[in-house]
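Structure file structure12.cif (mmCIF, C-alpha atoms, pLDDT in the B column; chains and numbers go by the auth columns) follows.
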data_model
#
loop_
_atom_site.group_PDB
_atom_site.id
_atom_site.type_symbol
_atom_site.label_atom_id
_atom_site.label_comp_id
_atom_site.label_asym_id
_atom_site.label_seq_id
_atom_site.Cartn_x
_atom_site.Cartn_y
_atom_site.Cartn_z
_atom_site.B_iso_or_equiv
_atom_site.auth_seq_id
_atom_site.auth_asym_id
ATOM 1 C CA LYS A 1 -30.545 32.534 26.204 83.00 252 T
ATOM 2 C CA GLN A 2 -28.816 34.979 28.603 85.00 253 T
ATOM 3 C CA VAL A 3 -26.984 32.125 30.369 91.00 254 T
ATOM 4 C CA GLU A 4 -23.935 33.344 32.263 91.00 255 T
ATOM 5 C CA LEU A 5 -20.681 31.545 31.388 88.00 256 T
ATOM 6 C CA ILE A 6 -17.640 32.142 33.595 89.00 257 T
ATOM 7 C CA SER A 7 -14.178 30.848 32.675 83.00 258 T
ATOM 8 C CA ILE A 8 -12.023 31.275 35.789 85.00 259 T
ATOM 9 C CA GLY A 9 -8.735 30.353 34.103 79.00 260 T
ATOM 10 C CA ASP A 10 -9.241 32.944 31.360 76.00 261 T
ATOM 11 C CA ASN A 11 -10.811 35.536 33.685 80.00 262 T
ATOM 12 C CA TYR A 12 -13.810 35.735 31.362 82.00 263 T
ATOM 13 C CA ASN A 13 -17.537 36.342 31.849 86.00 264 T
ATOM 14 C CA ASN A 14 -19.692 36.338 28.705 82.00 265 T
ATOM 15 C CA LEU A 15 -22.188 38.850 30.107 84.00 266 T
ATOM 16 C CA THR A 16 -19.618 41.474 31.110 82.00 267 T
ATOM 17 C CA ASP A 17 -16.373 40.913 29.172 73.00 268 T
ATOM 18 C CA ASP A 18 -15.313 41.513 25.578 72.00 269 T
ATOM 19 C CA ASP A 19 -15.393 38.403 23.333 71.00 270 T
ATOM 20 C CA SER A 20 -12.316 39.569 21.414 72.00 271 T
ATOM 21 C CA MET A 21 -10.022 38.647 24.315 69.00 272 T
ATOM 22 C CA LEU A 22 -11.436 35.141 24.364 70.00 273 T
ATOM 23 C CA GLY A 23 -10.669 34.863 20.629 75.00 274 T
ATOM 24 C CA ILE A 24 -7.041 35.856 21.244 78.00 275 T
ATOM 25 C CA THR A 25 -6.730 33.317 24.073 77.00 276 T
ATOM 26 C CA THR A 26 -8.225 30.585 21.888 80.00 277 T
ATOM 27 C CA TRP A 27 -5.782 31.396 19.083 82.00 278 T
ATOM 28 C CA ALA A 28 -2.828 31.263 21.508 83.00 279 T
ATOM 29 C CA ASN A 29 -3.948 27.896 22.891 83.00 280 T
ATOM 30 C CA GLU A 30 -4.402 26.453 19.389 85.00 281 T
ATOM 31 C CA LYS A 31 -0.945 27.687 18.371 87.00 282 T
ATOM 32 C CA LEU A 32 0.574 25.968 21.408 87.00 283 T
ATOM 33 C CA VAL A 33 -1.121 22.676 20.463 84.00 284 T
ATOM 34 C CA LYS A 34 0.153 22.931 16.881 83.00 285 T
ATOM 35 C CA ASP A 35 3.695 23.764 18.030 84.00 286 T
ATOM 36 C CA ASN A 36 3.698 20.761 20.372 84.00 287 T
ATOM 37 C CA SER A 37 2.406 18.566 17.540 78.00 288 T
ATOM 38 C CA LYS A 38 5.295 19.666 15.306 81.00 289 T
ATOM 39 C CA LYS A 39 7.817 18.883 18.059 83.00 290 T
ATOM 40 C CA VAL A 40 6.369 15.413 18.608 79.00 291 T
ATOM 41 C CA ARG A 41 6.454 14.706 14.853 76.00 292 T
ATOM 42 C CA ALA A 42 10.084 15.854 14.689 78.00 293 T
ATOM 43 C CA VAL A 43 11.059 13.477 17.510 77.00 294 T
ATOM 44 C CA ILE A 44 9.221 10.554 15.884 71.00 295 T
ATOM 45 C CA HIS A 45 10.801 11.303 12.492 75.00 296 T
ATOM 46 C CA SER A 46 14.258 11.385 14.093 77.00 297 T
ATOM 47 C CA LYS A 47 13.706 7.960 15.678 74.00 298 T
ATOM 48 C CA GLN A 48 12.372 6.584 12.381 71.00 299 T
ATOM 49 C CA LYS A 49 15.514 7.728 10.557 74.00 300 T
ATOM 50 C CA GLU A 50 17.564 5.842 13.159 72.00 301 T
ATOM 51 C CA GLY A 51 15.644 2.648 12.392 69.00 302 T
ATOM 52 C CA LYS A 52 13.807 2.497 15.722 75.00 303 T
ATOM 53 C CA TRP A 53 10.365 0.905 15.924 72.00 304 T
ATOM 54 C CA VAL A 54 8.128 3.690 17.255 71.00 305 T
ATOM 55 C CA SER A 55 4.704 2.040 17.156 72.00 306 T
ATOM 56 C CA SER A 56 3.074 0.707 20.332 72.00 307 T
ATOM 57 C CA ASN A 57 2.562 -2.761 18.810 83.00 308 T
ATOM 58 C CA VAL A 58 4.505 -4.989 16.436 90.00 309 T
ATOM 59 C CA PRO A 59 3.018 -7.114 13.629 92.00 310 T
ATOM 60 C CA TYR A 60 1.426 -10.480 14.322 95.00 311 T
ATOM 61 C CA GLY A 61 4.142 -13.112 14.726 95.00 312 T
ATOM 62 C CA TYR A 62 6.354 -10.840 16.842 95.00 313 T
ATOM 63 C CA ARG A 63 6.143 -9.654 20.426 93.00 314 T
ATOM 64 C CA ARG A 64 7.323 -6.501 22.180 89.00 315 T
ATOM 65 C CA ILE A 65 9.971 -6.842 24.869 89.00 316 T
ATOM 66 C CA TYR A 66 8.315 -4.815 27.608 85.00 317 T
ATOM 67 C CA GLY A 67 10.669 -2.692 29.683 80.00 318 T
ATOM 68 C CA LYS A 68 13.010 -2.113 26.726 81.00 319 T
ATOM 69 C CA LYS A 69 12.115 0.658 24.317 78.00 320 T
ATOM 70 C CA HIS A 70 12.035 -0.038 20.568 74.00 321 T
ATOM 71 C CA THR A 71 12.794 -3.764 21.043 85.00 322 T
ATOM 72 C CA PHE A 72 10.869 -6.852 19.946 89.00 323 T
ATOM 73 C CA GLU A 73 11.429 -10.514 19.130 93.00 324 T
ATOM 74 C CA VAL A 74 9.836 -13.374 17.208 95.00 325 T
ATOM 75 C CA ASP A 75 6.881 -14.878 19.071 95.00 326 T
ATOM 76 C CA PRO A 76 7.366 -18.675 18.991 95.00 327 T
ATOM 77 C CA ILE A 77 3.585 -19.278 18.992 95.00 328 T
ATOM 78 C CA THR A 78 2.123 -16.888 16.411 96.00 329 T
ATOM 79 C CA SER A 79 5.145 -16.997 14.063 96.00 330 T
ATOM 80 C CA VAL A 80 4.123 -20.588 13.237 96.00 331 T
ATOM 81 C CA TYR A 81 0.713 -19.313 12.085 97.00 332 T
ATOM 82 C CA VAL A 82 2.335 -16.615 9.928 97.00 333 T
ATOM 83 C CA LYS A 83 4.282 -19.330 8.104 96.00 334 T
ATOM 84 C CA LYS A 84 1.068 -21.327 7.697 96.00 335 T
ATOM 85 C CA ILE A 85 -0.697 -18.307 6.129 96.00 336 T
ATOM 86 C CA PHE A 86 2.087 -17.763 3.590 96.00 337 T
ATOM 87 C CA ASP A 87 2.254 -21.483 2.794 95.00 338 T
ATOM 88 C CA LEU A 88 -1.491 -21.659 2.127 94.00 339 T
ATOM 89 C CA TYR A 89 -1.442 -18.479 0.066 94.00 340 T
ATOM 90 C CA VAL A 90 1.356 -19.500 -2.329 92.00 341 T
ATOM 91 C CA ASN A 91 -0.341 -22.881 -2.732 91.00 342 T
ATOM 92 C CA GLY A 92 -3.528 -21.411 -4.171 88.00 343 T
ATOM 93 C CA TYR A 93 -5.712 -20.484 -1.210 91.00 344 T
ATOM 94 C CA GLY A 94 -7.295 -17.012 -1.197 90.00 345 T
ATOM 95 C CA GLY A 95 -7.783 -14.706 1.755 91.00 346 T
ATOM 96 C CA MET A 96 -11.352 -15.829 2.476 91.00 347 T
ATOM 97 C CA ASN A 97 -10.441 -19.515 2.405 92.00 348 T
ATOM 98 C CA ILE A 98 -7.396 -18.976 4.620 95.00 349 T
ATOM 99 C CA SER A 99 -9.395 -16.969 7.164 94.00 350 T
ATOM 100 C CA LYS A 100 -12.009 -19.752 7.275 94.00 351 T
ATOM 101 C CA ILE A 101 -9.297 -22.364 7.902 95.00 352 T
ATOM 102 C CA LEU A 102 -7.795 -20.258 10.709 95.00 353 T
ATOM 103 C CA ASN A 103 -11.197 -19.730 12.311 95.00 354 T
ATOM 104 C CA ASP A 104 -12.101 -23.432 12.029 94.00 355 T
ATOM 105 C CA GLU A 105 -8.803 -24.403 13.697 95.00 356 T
ATOM 106 C CA GLY A 106 -9.215 -21.822 16.462 93.00 357 T
ATOM 107 C CA ILE A 107 -6.017 -19.935 15.595 95.00 358 T
ATOM 108 C CA PRO A 108 -5.754 -16.781 17.783 94.00 359 T
ATOM 109 C CA THR A 109 -6.341 -13.516 15.927 94.00 360 T
ATOM 110 C CA PRO A 110 -3.892 -10.565 16.191 92.00 361 T
ATOM 111 C CA THR A 111 -6.083 -9.005 18.920 91.00 362 T
ATOM 112 C CA GLN A 112 -6.229 -12.239 20.903 92.00 363 T
ATOM 113 C CA ALA A 113 -2.471 -12.792 20.533 92.00 364 T
ATOM 114 C CA LEU A 114 -1.720 -9.267 21.767 91.00 365 T
ATOM 115 C CA ALA A 115 -4.004 -9.765 24.792 90.00 366 T
ATOM 116 C CA ARG A 116 -2.163 -13.004 25.652 91.00 367 T
ATOM 117 C CA ILE A 117 1.279 -11.348 25.374 90.00 368 T
ATOM 118 C CA ARG A 118 0.198 -8.391 27.518 89.00 369 T
ATOM 119 C CA GLU A 119 -1.241 -10.689 30.191 89.00 370 T
ATOM 120 C CA GLU A 120 2.005 -12.706 30.233 88.00 371 T
ATOM 121 C CA ASN A 121 3.773 -9.428 31.064 86.00 372 T
ATOM 122 C CA GLY A 122 1.348 -8.543 33.856 85.00 373 T
ATOM 123 C CA LEU A 123 -0.523 -5.902 31.833 85.00 374 T
ATOM 124 C CA GLU A 124 -4.191 -5.327 31.081 82.00 375 T
ATOM 125 C CA PRO A 125 -5.328 -7.165 27.911 76.00 376 T
ATOM 126 C CA GLY A 126 -6.033 -3.853 26.193 70.00 377 T
ATOM 127 C CA LYS A 127 -8.832 -2.873 23.849 68.00 378 T
ATOM 128 C CA ARG A 128 -10.658 -5.873 22.451 62.00 379 T
ATOM 129 C CA SER A 129 -11.799 -6.119 18.863 59.00 380 T
ATOM 130 C CA THR A 130 -15.503 -6.106 18.031 56.00 381 T
ATOM 131 C CA SER A 131 -14.908 -9.449 16.322 66.00 382 T
ATOM 132 C CA ASP A 132 -12.542 -12.225 17.373 83.00 383 T
ATOM 133 C CA LEU A 133 -12.576 -13.836 13.949 92.00 384 T
ATOM 134 C CA TRP A 134 -10.048 -13.878 11.143 94.00 385 T
ATOM 135 C CA SER A 135 -10.969 -12.073 7.917 92.00 386 T
ATOM 136 C CA ALA A 136 -9.512 -11.757 4.425 91.00 387 T
ATOM 137 C CA THR A 137 -8.267 -8.290 5.441 92.00 388 T
ATOM 138 C CA HIS A 138 -6.128 -9.782 8.221 94.00 389 T
ATOM 139 C CA VAL A 139 -4.601 -12.212 5.745 95.00 390 T
ATOM 140 C CA LYS A 140 -3.944 -9.506 3.132 93.00 391 T
ATOM 141 C CA ARG A 141 -2.123 -7.308 5.663 93.00 392 T
ATOM 142 C CA ILE A 142 0.150 -10.169 6.698 96.00 393 T
ATOM 143 C CA ILE A 143 0.887 -11.278 3.126 95.00 394 T
ATOM 144 C CA SER A 144 1.819 -7.708 2.096 93.00 395 T
ATOM 145 C CA ASN A 145 4.021 -6.794 5.075 92.00 396 T
ATOM 146 C CA GLU A 146 7.787 -6.672 4.430 93.00 397 T
ATOM 147 C CA PHE A 147 8.334 -6.806 8.181 93.00 398 T
ATOM 148 C CA TYR A 148 8.217 -10.605 7.920 95.00 399 T
ATOM 149 C CA ILE A 149 11.413 -10.728 5.828 94.00 400 T
ATOM 150 C CA GLY A 150 13.287 -8.542 8.316 92.00 401 T
ATOM 151 C CA THR A 151 12.697 -5.230 6.514 90.00 402 T
ATOM 152 C CA LEU A 152 11.577 -2.246 8.563 88.00 403 T
ATOM 153 C CA VAL A 153 9.628 0.342 6.539 85.00 404 T
ATOM 154 C CA GLN A 154 9.137 3.672 8.309 80.00 405 T
ATOM 155 C CA ARG A 155 7.021 6.721 7.419 71.00 406 T
ATOM 156 C CA LYS A 156 4.356 4.717 5.579 73.00 407 T
ATOM 157 C CA MET A 157 1.472 6.785 6.956 69.00 408 T
ATOM 158 C CA GLN A 158 0.836 10.370 7.976 69.00 409 T
ATOM 159 C CA VAL A 159 -1.869 12.112 9.991 69.00 410 T
ATOM 160 C CA LEU A 160 -3.587 15.030 8.286 68.00 411 T
ATOM 161 C CA GLY A 161 -3.763 17.755 10.922 64.00 412 T
ATOM 162 C CA ILE A 162 -4.540 17.434 14.607 62.00 413 T
ATOM 163 C CA HIS A 163 -6.913 14.486 15.174 65.00 414 T
ATOM 164 C CA GLY A 164 -6.966 14.035 11.388 67.00 415 T
ATOM 165 C CA ARG A 165 -7.228 10.790 9.453 73.00 416 T
ATOM 166 C CA ASN A 166 -4.326 8.518 8.542 73.00 417 T
ATOM 167 C CA VAL A 167 -3.333 8.460 4.869 76.00 418 T
ATOM 168 C CA LYS A 168 -0.658 6.529 3.000 77.00 419 T
ATOM 169 C CA ARG A 169 2.494 8.388 2.058 75.00 420 T
ATOM 170 C CA ASP A 170 4.016 8.078 -1.379 76.00 421 T
ATOM 171 C CA LYS A 171 6.519 5.189 -1.435 75.00 422 T
ATOM 172 C CA SER A 172 9.302 7.666 -2.255 77.00 423 T
ATOM 173 C CA GLU A 173 8.852 9.080 1.274 72.00 424 T
ATOM 174 C CA ASN A 174 9.274 5.700 2.978 78.00 425 T
ATOM 175 C CA ILE A 175 12.449 4.922 4.928 81.00 426 T
ATOM 176 C CA LYS A 176 13.604 1.308 4.558 84.00 427 T
ATOM 177 C CA PHE A 177 16.005 -0.724 6.692 84.00 428 T
ATOM 178 C CA GLU A 178 16.717 -4.159 5.217 89.00 429 T
ATOM 179 C CA ASN A 179 17.942 -7.007 7.440 89.00 430 T
ATOM 180 C CA ASN A 180 16.802 -4.923 10.404 88.00 431 T
ATOM 181 C CA HIS A 181 15.519 -7.781 12.550 91.00 432 T
ATOM 182 C CA GLU A 182 14.959 -11.544 12.586 94.00 433 T
ATOM 183 C CA ALA A 183 12.803 -12.678 9.670 95.00 434 T
ATOM 184 C CA ILE A 184 9.944 -15.169 9.908 96.00 435 T
ATOM 185 C CA ILE A 185 9.485 -15.682 6.149 96.00 436 T
ATOM 186 C CA ASP A 186 12.300 -16.195 3.632 94.00 437 T
ATOM 187 C CA LYS A 187 12.476 -13.655 0.814 93.00 438 T
ATOM 188 C CA GLU A 188 11.793 -16.218 -1.912 93.00 439 T
ATOM 189 C CA THR A 189 8.443 -17.165 -0.351 93.00 440 T
ATOM 190 C CA PHE A 190 7.524 -13.537 0.344 94.00 441 T
ATOM 191 C CA TYR A 191 8.157 -12.325 -3.199 92.00 442 T
ATOM 192 C CA LEU A 192 6.385 -15.365 -4.613 93.00 443 T
ATOM 193 C CA ALA A 193 3.365 -14.354 -2.527 92.00 444 T
ATOM 194 C CA GLN A 194 3.531 -10.809 -3.955 92.00 445 T
ATOM 195 C CA GLN A 195 3.647 -12.218 -7.478 91.00 446 T
ATOM 196 C CA VAL A 196 0.650 -14.447 -6.770 89.00 447 T
ATOM 197 C CA LYS A 197 -1.220 -11.473 -5.280 89.00 448 T
ATOM 198 C CA GLU A 198 -0.630 -9.336 -8.388 87.00 449 T
ATOM 199 C CA GLU A 199 -1.771 -12.138 -10.697 84.00 450 T
ATOM 200 C CA ARG A 200 -4.938 -12.664 -8.671 81.00 451 T
ATOM 201 C CA ALA A 201 -5.722 -8.950 -8.736 75.00 452 T
ATOM 202 C CA THR A 202 -5.970 -9.075 -12.535 71.00 453 T
ATOM 203 C CA LYS A 203 -7.678 -12.463 -12.794 65.00 454 T
ATOM 204 C CA HIS A 204 -10.242 -12.029 -9.967 57.00 455 T
ATOM 205 C CA HIS A 205 -8.941 -15.136 -8.221 54.00 456 T
ATOM 206 C CA LYS A 206 -11.232 -16.574 -5.527 55.00 457 T
ATOM 207 C CA GLY A 207 -8.961 -19.292 -4.170 54.00 458 T
ATOM 208 C CA VAL A 208 -8.989 -23.092 -4.363 54.00 459 T
ATOM 209 C CA ARG A 209 -12.429 -24.547 -4.982 55.00 460 T
ATOM 210 C CA LYS A 210 -13.707 -27.066 -2.496 58.00 461 T
ATOM 211 C CA HIS A 211 -15.555 -28.978 -5.218 62.00 462 T
ATOM 212 C CA VAL A 212 -15.141 -28.882 -8.992 63.00 463 T
ATOM 213 C CA ASN A 213 -18.561 -28.535 -10.625 69.00 464 T
ATOM 214 C CA ILE A 214 -18.927 -30.163 -14.048 74.00 465 T
ATOM 215 C CA PHE A 215 -21.790 -27.797 -15.013 74.00 466 T
ATOM 216 C CA THR A 216 -19.750 -24.594 -14.598 68.00 467 T
ATOM 217 C CA GLY A 217 -20.188 -22.432 -17.707 68.00 468 T
ATOM 218 C CA LEU A 218 -22.917 -24.676 -19.111 78.00 469 T
ATOM 219 C CA ILE A 219 -26.070 -23.679 -17.201 84.00 470 T
ATOM 220 C CA PHE A 220 -27.653 -20.231 -17.723 83.00 471 T
ATOM 221 C CA CYS A 221 -30.653 -18.373 -16.330 85.00 472 T
ATOM 222 C CA GLY A 222 -33.679 -18.715 -18.616 88.00 473 T
ATOM 223 C CA ASP A 223 -34.800 -15.138 -17.883 86.00 474 T
ATOM 224 C CA CYS A 224 -31.664 -12.951 -17.951 81.00 475 T
ATOM 225 C CA GLY A 225 -29.233 -15.269 -19.700 79.00 476 T
ATOM 226 C CA ARG A 226 -26.514 -14.964 -17.060 78.00 477 T
ATOM 227 C CA PRO A 227 -24.468 -18.049 -16.113 77.00 478 T
ATOM 228 C CA LEU A 228 -25.503 -19.778 -12.879 80.00 479 T
ATOM 229 C CA THR A 229 -22.881 -20.028 -10.130 75.00 480 T
ATOM 230 C CA PRO A 230 -22.442 -23.264 -8.182 73.00 481 T
ATOM 231 C CA ARG A 231 -22.261 -23.000 -4.388 71.00 482 T
ATOM 232 C CA SER A 232 -21.416 -25.593 -1.787 66.00 483 T
ATOM 233 C CA GLY A 233 -22.665 -25.507 1.788 63.00 484 T
#
Please, can you express the file's structure as structure tokens?
Amino acid sequence: KQVELISIGDNYNNLTDDDSMLGITTWANEKLVKDNSKKVRAVIHSKQKEGKWVSSNVPYGYRRIYGKKHTFEVDPITSVYVKKIFDLYVNGYGGMNISKILNDEGIPTPTQALARIREENGLEPGKRSTSDLWSATHVKRIISNEFYIGTLVQRKMQVLGIHGRNVKRDKSENIKFENNHEAIIDKETFYLAQQVKEERATKHHKGVRKHVNIFTGLIFCGDCGRPLTPRSG
């Protein structure tokens, strides 16, 4: 289009200068970014090996101690809800049912809890979630997190390249620190929950039924022959 582009910092004009110099400059800048990325990763890895919490936020049920790096404590409000989630789960309730109970009772979600903690410390609430409702995914993350028994697991994820996506590392690469901090859930309850989760994964468990239907398994569709499913609501 014969549009003139001038880059003052690189002393470059596309209509008069050689493009090869711009390519060299671009390569040098990219190399600098990659070198800085490696240095940052090395620092983070060093802190992880020392058992320091390097994330900006801690799991639901805990709260950061602002002003002190790598420190956190049990949140007296949300830790009660964590115990409630585990109690419901080991007593037969599935993720969907638990999330419905939490929503019906107006229990604050992880995003809402974080906003409250930040405001108590004189900070902006932070980025809000597109939905302020509990989901089965929230419940699953809490049930599966060893953090609640006082175990810190580092190097669980890795970023593929600059601005790349997060992927799970192999468990052999994880760094574990047991009895690292105050637990909210006792180990017996936690491992019982893991056992229940594994059993449900193989049996397609859908939680405790609200109503037992006496026609389950007895009524079938007259066209396709498939069993009809009772629904309440």
Residues in the PyMOL selection byres ((chain T and resi 403) around 12), expressed as a PyMOL selection string | chain T and resi 299-306+309-310+396-402+404-407+425-434
Hits from the PyMOL selection byres ((chain T and resi 330-345) around 7), listed as a list in words =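 Taken over the shown coordinates, the PyMOL selection byres ((chain T and resi 330-345) around 7) returns Gly312, Tyr313, Val325, Asp326, Pro327, Ile328, Thr329, Gly346, Met347, Asn348, Ile349, Ile394, Ile435, Ile436, Leu443, Ala444, Val447, Lys457, Gly458 and Val459 of chain T.
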Just the residues within 7 Å of Glu324 of chain T, please, counting only C-alpha atoms, with nothing from its chain fewer than 4 positions along; format it as a count of residues only.
-> 4
Of the listed residues T:Arg292, T:His321, T:Arg369, T:Lys351, that which approaches Val390 of chain T most closely, counting all atoms listed in the file = T:Lys351
Please, what distance in Å, to one decimal, runs between atom CA of Thr360 of chain T and atom CA of Trp385 of chain T?
->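 Here the two named atoms are 6.1 Å from each other.
Interatomic distance, atom CA of Leu384 of chain T to atom CA of Asn354 of chain T: 6.3 Å.
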Taking only C-alpha atoms into account, which of T:Asn280, T:Ser386, T:Ser350, T:Asn372 comes nearest Tyr317 of chain T?
->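 Nearest to Tyr317 of chain T: T:Asn372.
The space between atom CA of Ser395 of chain T and atom CA of Phe441 of chain T spans 8.3 Å.
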Using all atoms listed in the file, the residue out of T:Asp421, T:Tyr311, T:Ala387, T:Ser297 with shortest distance to Ile368 of chain T is T:Tyr311
